[in-house]
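J.: Quick one: structure below, then a few questions.
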Amino acid sequence: MSVLLIAEHNNKEVRPFTYNAITAASQINEDLHVLVLGHQADDVAKSLSEVPNVKKVIHVDNKIYENYIAENYTAAIIKHAESYSHIVSSANTFGKNLMPRIAALLDTSQVSDIIKVISEDTFLRPIYAGNAFATVKSNDKKKCVTIRPTSFDPADKSGGSAEITKSDPAEASSSTKFLKKEEVKSDRPELGTARIVISGGRGMQNGENFKLISDIADKLNAAIGASRAAVDAGYITNDHQVGQTGKVVVPDLYIAVGISGAIQHLAGMKESKVIVAINKDGEAPIFSVADYGLEADLFEALPQFLSELNKLNTIQK
Amino acid sequence: MKILVAVKRVIDYNVQIRVKEDGSGVVTDNVKMSTNPPDDNAIEEAVKIKEAGKAKEIVAITIGEEKAQETVRKALAVGADRGIHVKVDNVIEPLAVSKILKKIVEKENPDLVFMGKQAIDDDCNQTGQMLAALLNWPQATFASKIEVKDNALEVTREIDEGLETIEVNVPAIVTCDLRLNEPRYASLPNIMKAKKKSIEQLNASDLGVDINPRIEQIKVEEPPKRKAGIKVASVEELVQKLKNEAKVI
């Protein structure tokens with residue numbers, strides 16, 4: 001049997017986590033097909049056909065797939081589901097919104113947010129905000145799985161030449177209407193895939209002070225993250241939130257500034273390779289996961305940090 | 001309008017989880033339990049809509065063991081009108097939960113069903129979407145703002161790229177994000193009053209749905225521990241360590 005992966009894209013480009021999901025999906029079974037539902041997304045279908053791990057691309061082109069309306073997506077996916085043993089997608093807001101709707105219609109108990117493929121039916125997944133890992137075996141005939149993208153390397157993007165087949169759209173839902181998307185544009189690397197992330201918490205005290213963080217992010221070519229407390233307080237927008245209910249990041253370097261380190265925040269960053277904590281409270285739980293802890297007032301430490309970085313001439317871009 | 005709100009009893013969000021030595025799960029005996037945090041947001045939003053005169057009745061439902069009733073009682077204390085408790089003896093999967101909820105929806109005929117976007121114990125993030133599929137209703141997940149219109153809701157959703165706004169016709173399912181509102185505390189008089197509100201008790205086995213597990217939990221273990229780090233004395237030392245020891249800048 002084969003695996004069907006649902007591609008995430010913006011009709012022009014493949015969204016990066018699709019490549020991580022491809023890696024996991026091809027570990028489940030090498031016969032991996034990718035479904036592209038979109039509007040004038042020919043470039044997306046073509047890019048995916050060039051991924052060596054992909055054996056076939058199914059492309060459905062229709063205006064109703066311009067935005068991710070789960071109801072419309074689901075109807076199209078169900079049409080194709082019969083030929084597959086597994087339906088997979090990434091476990092970000094795209095896949096989290098979509099996959100359970102598919103699973104319920106297939107009468108399948110979904111396996112969410114896997115971090116390791118043990119076999120075709122057995123997976124490792126975090127529970128309790130990553131404070132425990134569960135090994136689970138799905139006994140459903142058809143399996144619906146979402147993949148934590150940061151736990152898998154992105155697949156190679158070129159060298160393949162999979163066949164692209166066109167397929168017809170399914171019915172559109174009349175009860176859900178897309179109104180608008182407010183996307184935060186940034187020249188910085190994406191939070192989910194950045195090599196370095198610097199995050200601010202409640203200790204930043206206000207939104208203006210995040211400039212101290214963005215100056216360093218510019219210097220290190222880092223993405224900017226935040227704790228839920230900082231987002232709730234309105235210092236920064238929700239797309240920056242790292243944690244159990246935000247994004248999970250696994251950068252080479254994670255710098256937590258003015259973040260106390262609630263369990264829910266640690267869930268989103270504690271797999272980072274190197275963790276730095278800057279906090280004036282020496283007892284803050286963030287220090288228990290930090291490789292390097294600096295007990296200091298962030299308003300003194302951050303400008304100093306920037307000036308020390310400016311002295312180095314070896315910063316990798 | 002009538003709003004059904006689903007709430008779940010979970011280990012309190014502040015408790016440090018301990019994994020059982022035999023690998024069968026996590027320790028729940030003598031551990032503080034409370035309502036799943038975003039379910040509190042779901043109740044709060046329903047109460048706000050009722051206070052604005054746009055809903056007539058709020059029914060709170062939970063599915064779980066005997067003590068799960070506490071979560072319904074809490075919902076009654078902040079403004080739900082009555083409660084339903086569907087008893088199950090074991091932990092059941094989101095698919096089974098959504099099948100039970102579907103039966104209740106068919107009986108109660110609510111216009112809206114609210115619940116948290118994710119339970120903080122199994123972190124599945126499935127039930128609302130599954131229920132929407134089984135009922136063939138529209139879904140608005142990860143809601144951070146809800147506006148009630150005529151026979152429709154305008155919902156702002158938190159997504160990876162920022163915010164998305166959709167309109168869903170009623171009846172609809174909404175799963176709530178933590179930023180949707182600030183849940184209120186129950187006042188003592190309201191807690192006393194809630195004791196007089198009714199909670200209907202049902203057994204899952206009487207509803208005629210298959211709630212048998214499809215997923216076998218083979219083992220639960222502690223995640224790998226990070227090795228202890230060090231404290232540095234100055235910013236200079238930090239930068240030197242990052243450059244020369246960790247080699248990440």
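Each chain in the structure tokens gets a letter, A, B, ..., in the order shown, and its residues are numbered from 1; ligands are numbered from 1 in order too.
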Within 6 Å of chain B, which residues of chain A are there when counting only C-alpha atoms? Please give them as a ChimeraX atom specification.
T.: /A:93,100-101,104,109,112,127-128,132-139,175-184,239,290-294,305,315
J.: If you run DSSP on this backbone, which residues of stretch 31-125 of chain B come out as strand (DSSP E), and could you give them as a VMD selection string?
T.: chain B and resid 33 to 35 57 to 64 82 to 87 112 to 116
J.: Can you write just those residues out, C-alpha atoms, as a PDB file, in the first residue's frame?
T.:
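Contents of the output file part.pdb:
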```
ATOM      1  CA  MET B  33      -6.746  17.895  38.306  1.00  0.00           C
ATOM      2  CA  SER B  34      -8.564  20.791  36.662  1.00  0.00           C
ATOM      3  CA  THR B  35     -10.436  21.826  33.550  1.00  0.00           C
ATOM      4  CA  GLU B  57     -29.044  28.403  26.894  1.00  0.00           C
ATOM      5  CA  ILE B  58     -25.600  26.963  27.588  1.00  0.00           C
ATOM      6  CA  VAL B  59     -25.193  23.253  28.215  1.00  0.00           C
ATOM      7  CA  ALA B  60     -21.836  22.004  29.511  1.00  0.00           C
ATOM      8  CA  ILE B  61     -20.863  18.417  28.800  1.00  0.00           C
ATOM      9  CA  THR B  62     -17.998  16.245  29.921  1.00  0.00           C
ATOM     10  CA  ILE B  63     -17.071  12.660  29.188  1.00  0.00           C
ATOM     11  CA  GLY B  64     -15.050  10.781  31.763  1.00  0.00           C
ATOM     12  CA  ARG B  82     -27.191  22.817  32.984  1.00  0.00           C
ATOM     13  CA  GLY B  83     -24.811  19.943  32.600  1.00  0.00           C
ATOM     14  CA  ILE B  84     -24.406  16.508  31.077  1.00  0.00           C
ATOM     15  CA  HIS B  85     -21.928  13.897  32.254  1.00  0.00           C
ATOM     16  CA  VAL B  86     -21.312  10.871  30.064  1.00  0.00           C
ATOM     17  CA  LYS B  87     -19.606   8.231  32.153  1.00  0.00           C
ATOM     18  CA  LEU B 112     -23.079  25.912  18.243  1.00  0.00           C
ATOM     19  CA  VAL B 113     -20.606  23.548  19.869  1.00  0.00           C
ATOM     20  CA  PHE B 114     -17.561  25.103  21.563  1.00  0.00           C
ATOM     21  CA  MET B 115     -14.535  23.372  23.056  1.00  0.00           C
ATOM     22  CA  GLY B 116     -10.825  23.974  23.604  1.00  0.00           C
TER      23      GLY B 116
END
```
J.: Of the candidates B:Leu188, B:Ile211, B:Leu202, B:Ile146, which shows the shortest atom-to-atom distance to B:Glu66, using only C-alpha atoms?
T.: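 Of all the options, B:Leu202 lies closest to B:Glu66.
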J.: Quick one: residues within 12 Å of B:Glu65, only C-alpha atoms counted, chain neighbours fewer than 4 positions away excluded, as a PyMOL selection string?
T.: chain B and resi 8-10+69-71+85-92+201-204
J.: Check the smallest atom-to-atom distance from each of A:Ala262, A:Asn11, A:Ala223, A:Leu106 to A:Lys79 using only C-alpha atoms, then report the winner.
T.: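 Result for the nearest residue to A:Lys79: A:Leu106.
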J.: Residues within 12 Å of A:Ala222, please, as a PyMOL selection string. Count only C-alpha atoms; anything in the same chain fewer than 3 positions from it doesn't count.
T.: (chain A and resi 186-199+213-219+225+251-255+315-317) or (chain B and resi 248-249)
J.: Rounded to one decimal place, report the atom CA of B:Asn36-atom CA of B:Lys145 distance in Å.
T.: 19.3 Å
J.: List every residue of stretch 90-164 of chain B that DSSP, applied to the backbone of this structure, assigns to alpha helix (DSSP H), and report them as a list in words.
T.: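 Answer for stretch 90-164 of chain B, restricted to alpha helix (DSSP H): Pro94, Leu95, Ala96, Val97, Ser98, Lys99, Ile100, Leu101, Lys102, Lys103, Ile104, Val105, Glu106, Lys107, Glu108, Thr127, Gly128, Gln129, Met130, Leu131, Ala132, Ala133, Leu134 and Leu135 of chain B.
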J.: Give me the residues within 8 Å of stretch 46-49 of chain B as a PyMOL selection string, counting only C-alpha atoms and dropping any in the same chain fewer than 4 places off.
T.: chain B and resi 3+5+42+53-55+58+78-80+114+148
J.: So that I have them on file, write out the residues from the current selection with C-alpha atoms, as a PDB file, in the first residue's frame.
T.:
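Here's the written file again-v8.pdb:
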```pdb
ATOM      1  CA  ILE B   3     -24.582  26.495  22.825  1.00  0.00           C
ATOM      2  CA  VAL B   5     -19.680  23.413  25.450  1.00  0.00           C
ATOM      3  CA  ALA B  42     -14.815  27.963  25.465  1.00  0.00           C
ATOM      4  CA  GLY B  53     -28.356  38.442  24.532  1.00  0.00           C
ATOM      5  CA  LYS B  54     -27.380  36.274  21.586  1.00  0.00           C
ATOM      6  CA  ALA B  55     -27.755  32.876  23.240  1.00  0.00           C
ATOM      7  CA  ILE B  58     -25.600  26.963  27.588  1.00  0.00           C
ATOM      8  CA  VAL B  78     -19.378  30.521  35.706  1.00  0.00           C
ATOM      9  CA  GLY B  79     -22.633  30.621  33.779  1.00  0.00           C
ATOM     10  CA  ALA B  80     -23.634  27.373  32.064  1.00  0.00           C
ATOM     11  CA  PHE B 114     -17.561  25.103  21.563  1.00  0.00           C
ATOM     12  CA  VAL B 148     -21.936  36.480  16.123  1.00  0.00           C
TER      13      VAL B 148
END
```
J.: In Å, with one decimal, what is the gap from atom CA of A:Gln27 to atom CA of A:Thr165?
T.: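 Straight-line distance from atom CA of A:Gln27 to atom CA of A:Thr165 works out to 23.3 Å.
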J.: Hey, can you check how far atom CA of A:Asp232 sits from atom CA of A:Asn206?
T.: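 Separation between atom CA of A:Asp232 and atom CA of A:Asn206: 11.4 Å.
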